[in-house]
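Asker: Could you have a look at this structure, given as structure tokens, before my questions?
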Amino acid sequence: GHLAYLVPPPRDDYESWANKKSGTSQPQYFITCAAFGKHGQVLWAVTKCGNLLAFRTDPSMMNMLRGQSDDNDASPSTSSSAAAVIALANKQLSQQPTLCVKVPGGAAAWQIIVSRNGKYILINSADCSLRLFDVEELSEVFDHVSTSGQKKRKANDDNGMSDDDDNANNYTRNADIKPRFVFQDNISKAPWASCDFSGDGEYVCGGCNSYPQPGDNYKLFLWNCITGELVDQLTGPVSSLYSLSCHPTRPFIAVGTSDGLVDVWGARLDWVAFAPDFQALQQNELYEEEEDEFDVVVGCE
């Protein structure tokens, strides 16, 4: 397969110093995780320093990654495929993000999730916080920057200037956009091991382990994306949570644990609807059956 760098790889110390002195250097981002938007036209990424980046995926880049030429040739020859690789290396190595949002706290992020409906972005940061961003709010700035960049590139073409002459760095805009909600375990302040959106994108699920001594019960938290309210809190068995994933259409949560099993959580059942005299217990109790409790006595004549 073909490889494309959206951000140039780190340069050596001398080259970075020389570019910085000459004023031709571009911002260097250490990206830790990334995710495509709903339609794949935008690539969202988070850096080690806590920056949320938005990249506009160029159709020509997608064609070259598939080994196709710019004229959408479905079956390119070997020479055209090689030319695509060369063009990809020359063109995409210098692509810079269109939008840069500073995540509050500046902590490194190790997970980014885009909801299936494409409305929200969830960032799992090292400061034990889950931050929910509104894609619509981000897109307003993103689309404005993209439109301005296209007009500027058109003006450069009319004046005989190339994108390299104008420097792609000019198309990156730093925006001050706050997260919609910040979710934390207010009691233990434990870091989040994994997180995900529900299938309909209306809820956020976060899982954490006991802290600072892992190995005890893990916990699951569910929040409402619209109100930010904590909807439910679940306590798992004695094991560590590695990852979790929500079912795309049903209210199920699959949890991978340290005991080698997959715990599947479902919605709470209202047992009172089945048995009016049902009484819920706070925890399991050992039931001791009496010797003749379930014995069937047959009448004798």
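Chain labels follow the order of the structure tokens: the first chain is A, the next B, and so on; residue numbering restarts at 1 in every chain, and ligands are counted from 1 in their shown order.
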Got a sec: who's within 12 Å of Thr32 (chain A), counting only C-alpha atoms, leaving out chain neighbours fewer than 4 positions off, as a list in words?

Answerer: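 The residues satisfying every condition are Trp44, Ala45, Val46, Thr47, Lys48, Cys49, Gly50, Asn51, Leu52, Leu53, Ala107, Ala108, Ala109, Trp110, Gln111, Ile112, Ile123, Asn124, Ser125 and Ala126 of chain A.
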
Asker: For Gln282 (chain A), which of A:Gly105, A:Phe55, A:Cys225, A:Thr235 is the closest residue, counting only C-alpha atoms?

Answerer: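 For Gln282 (chain A), the nearest of the candidates is A:Thr235.
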
Asker: Between A:Gly228, A:Pro276, A:Gly106, A:Gly118, which is the closest to Asp134 (chain A) once you count only C-alpha atoms?

Answerer: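 Smallest separation from Asp134 (chain A) among the options: A:Gly118.
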